Amino acid sequence: MKIAVVRQKYTDFGGAERYTAALIESLLNAGHEVHVFANEWKMKNNSSREGRIVFHSVPTLKLLSVLEVITFAVNVRRLLKQQPFDIIHSFERTFYQDIYRAGDGCHREWLTQRRKIDLPGKSILHRVNPLHIAILWTEKQIFKEGNYKAIMANSRRGKKEIIDLYGVPENRIHVIYSPVDSKRFTGNQGPETKEKLCKQLGINPEKPLLLFVGSGFQRKGLPAALKALAILPFPAHLIAVGKERLSPYQRLAGKLGVESSVTFTGPISDVVPIYKGADLFVFPTIYEPFSNVCLEAMAAGLPVVTSRINGASEVLIEGENGCVVEDPLNPAEIATKIQQGLAIPRGRIAEVNSNILQKLTWENHTRQVLELYETVRKMKQGDDPK
């Protein structure tokens, strides 16, 4: 198939970016022709995709964020219409696609959820902010009948969200969970790995080692995790990994009296050694369609504590491989779930995760995506199999 992939900024490093790059790699390896429509692209040196992707530059106006959103959507539609494609797969909010992957969820729902953490009156500013208005309007266009052939959601709650907010028919939304490369996390796990990590970071290895990974600390629940750390009935240490302005969170840790129990690493290119040395992964996000870092933690054999609103909670079995938090703003509940998660035998976690993750491989994921492509291609040809 001749496949167009729409991604405003294409790289092969970073969370969501790695997913897009890996999917493209799978499509190329399956013999398909892949065209990427982007405003920016950057690949690691000696990338296996170098020279195999046809890139199309999409011009945008970057003077203001709102102009960048609108001009990218308008210009990518113009360019896509200049040649035929079997499938147009968009990872961005645009006006023209066959399949839209709602990997970021619905902006409308995110604005609703962020009111829980915003300062009073800030939600009013969001309603008149030109950027939010543009994103909401563009998002609404995506889900209008005739502007898509299929929607690809990465969780059941994400599917329900789109149905509830935009009235998209249930049979037009296909849930395909994100995959994980479990092989990256095998080997070199155990007390020795933890001791080595703790020595590198200057941490007491006798304490339970909690891990938080993700840029955007406020949305992803680090403040609540710090508050939970402060009320645990035993001493523990939290490693926070991610790109963020650290001073507000360092001040909060100091105010809570846990500044010596938190290590802020900043962004790290290879987090695998930290996953392998940790005892538990904590991620009390206030909004997350499906967090890939939870899958990575599972692949590393860690119990996962995350919130119900995170689509990744759908692959957790309470008390078997982790615990689900109902209220991500309740430190007491998070602290209780951390205690329960640490009590789960690691052997049991590894067994449960192995059974779950063997279904979430890149091989299975690519097969599901290609099946969706084939369904959509038949729809475009007027031979709707439904």
# chains A, B, ... in the order shown; residues from 1 in each chain; ligands from 1
call {"tool": "select_by_dssp", "arguments": {"residues": "segment 118-172 of chain A", "states": "strand (DSSP E or B)", "output": "list in words"}}
result
Ala150, Ile151, Met152 and Ala153 of chain A
call {"tool": "residues_around", "arguments": {"residues": "Pro289 of chain A", "least_positions_apart": "2", "cutoff": "9 Å", "atoms": "only C-alpha atoms", "output": "ChimeraX atom specification"}}
result
/A:102-106,153-155,157-158,287,291,309-312
call {"tool": "residues_around", "arguments": {"residues": "segment 167-170 of chain A", "least_positions_apart": "5", "cutoff": "10 Å", "atoms": "only C-alpha atoms", "output": "PDB file with N, CA and C atoms, in the first residue's frame"}}
result
ATOM      1  N   PHE A 143     -14.106  14.699  13.865  1.00  0.00           N
ATOM      2  CA  PHE A 143     -15.113  13.714  14.224  1.00  0.00           C
ATOM      3  C   PHE A 143     -16.451  13.912  13.518  1.00  0.00           C
ATOM      4  N   LYS A 144     -16.508  14.840  12.579  1.00  0.00           N
ATOM      5  CA  LYS A 144     -17.728  15.000  11.788  1.00  0.00           C
ATOM      6  C   LYS A 144     -17.832  13.886  10.749  1.00  0.00           C
ATOM      7  N   GLU A 145     -19.018  13.374  10.561  1.00  0.00           N
ATOM      8  CA  GLU A 145     -19.245  12.320   9.562  1.00  0.00           C
ATOM      9  C   GLU A 145     -18.774  12.812   8.194  1.00  0.00           C
ATOM     10  N   ALA A 150     -12.291   5.905   9.748  1.00  0.00           N
ATOM     11  CA  ALA A 150     -12.199   5.162  11.005  1.00  0.00           C
ATOM     12  C   ALA A 150     -11.402   5.980  12.004  1.00  0.00           C
ATOM     13  N   ILE A 151     -11.699   5.743  13.278  1.00  0.00           N
ATOM     14  CA  ILE A 151     -10.947   6.354  14.372  1.00  0.00           C
ATOM     15  C   ILE A 151     -10.219   5.239  15.109  1.00  0.00           C
ATOM     16  N   LYS A 159     -12.201   5.444  23.685  1.00  0.00           N
ATOM     17  CA  LYS A 159     -13.301   5.230  22.743  1.00  0.00           C
ATOM     18  C   LYS A 159     -14.597   5.814  23.300  1.00  0.00           C
ATOM     19  N   LYS A 160     -14.879   5.521  24.568  1.00  0.00           N
ATOM     20  CA  LYS A 160     -16.105   6.025  25.189  1.00  0.00           C
ATOM     21  C   LYS A 160     -16.120   7.545  25.231  1.00  0.00           C
ATOM     22  N   GLU A 161     -14.951   8.128  25.477  1.00  0.00           N
ATOM     23  CA  GLU A 161     -14.828   9.584  25.521  1.00  0.00           C
ATOM     24  C   GLU A 161     -15.234  10.214  24.191  1.00  0.00           C
ATOM     25  N   ILE A 162     -14.761   9.646  23.096  1.00  0.00           N
ATOM     26  CA  ILE A 162     -15.075  10.174  21.760  1.00  0.00           C
ATOM     27  C   ILE A 162     -16.565  10.008  21.453  1.00  0.00           C
TER      28      ILE A 162
END
call {"tool": "closest_residue", "arguments": {"among": "A:Gln113, A:Thr263, A:Ser269, A:Asn204", "to": "Arg219 of chain A", "atoms": "only C-alpha atoms"}}
result
A:Gln113
call {"tool": "residues_around", "arguments": {"residues": "segment 237-239 of chain A", "least_positions_apart": "4", "cutoff": "7 Å", "atoms": "only C-alpha atoms", "output": "PDB file with N, CA and C atoms, in the first residue's frame"}}
result
ATOM      1  N   LYS A 207      15.933   1.380  51.221  1.00  0.00           N
ATOM      2  CA  LYS A 207      14.593   1.957  51.101  1.00  0.00           C
ATOM      3  C   LYS A 207      13.897   1.460  49.830  1.00  0.00           C
ATOM      4  N   PRO A 208      12.561   1.304  49.854  1.00  0.00           N
ATOM      5  CA  PRO A 208      11.844   1.047  48.601  1.00  0.00           C
ATOM      6  C   PRO A 208      12.095   2.179  47.618  1.00  0.00           C
ATOM      7  N   LEU A 209      12.344   1.828  46.372  1.00  0.00           N
ATOM      8  CA  LEU A 209      12.681   2.817  45.346  1.00  0.00           C
ATOM      9  C   LEU A 209      11.498   2.970  44.395  1.00  0.00           C
ATOM     10  N   LEU A 210      10.869   4.141  44.441  1.00  0.00           N
ATOM     11  CA  LEU A 210       9.711   4.446  43.607  1.00  0.00           C
ATOM     12  C   LEU A 210      10.177   5.217  42.379  1.00  0.00           C
ATOM     13  N   LEU A 211       9.513   4.992  41.263  1.00  0.00           N
ATOM     14  CA  LEU A 211       9.914   5.635  40.010  1.00  0.00           C
ATOM     15  C   LEU A 211       8.727   6.339  39.365  1.00  0.00           C
ATOM     16  N   PHE A 212       8.971   7.563  38.909  1.00  0.00           N
ATOM     17  CA  PHE A 212       8.004   8.348  38.125  1.00  0.00           C
ATOM     18  C   PHE A 212       8.725   8.790  36.856  1.00  0.00           C
ATOM     19  N   SER A 261      14.468  12.778  50.009  1.00  0.00           N
ATOM     20  CA  SER A 261      13.931  11.484  49.566  1.00  0.00           C
ATOM     21  C   SER A 261      13.493  11.503  48.111  1.00  0.00           C
ATOM     22  N   VAL A 262      13.867  12.564  47.378  1.00  0.00           N
ATOM     23  CA  VAL A 262      13.489  12.700  45.966  1.00  0.00           C
ATOM     24  C   VAL A 262      14.737  13.007  45.146  1.00  0.00           C
ATOM     25  N   THR A 263      14.889  12.318  44.039  1.00  0.00           N
ATOM     26  CA  THR A 263      15.959  12.604  43.089  1.00  0.00           C
ATOM     27  C   THR A 263      15.343  13.012  41.768  1.00  0.00           C
ATOM     28  N   PHE A 264      15.609  14.227  41.324  1.00  0.00           N
ATOM     29  CA  PHE A 264      15.160  14.700  40.020  1.00  0.00           C
ATOM     30  C   PHE A 264      16.317  14.500  39.038  1.00  0.00           C
TER      31      PHE A 264
END
call {"tool": "atom_distance", "arguments": {"atom1": "atom CA of Glu259 of chain A", "atom2": "atom CA of Leu229 of chain A"}}
result
10.5 Å
call {"tool": "closest_residue", "arguments": {"among": "A:Pro284, A:Arg101, A:Leu252, A:Val315", "to": "Lys337 of chain A", "atoms": "only C-alpha atoms"}}
result
A:Pro284
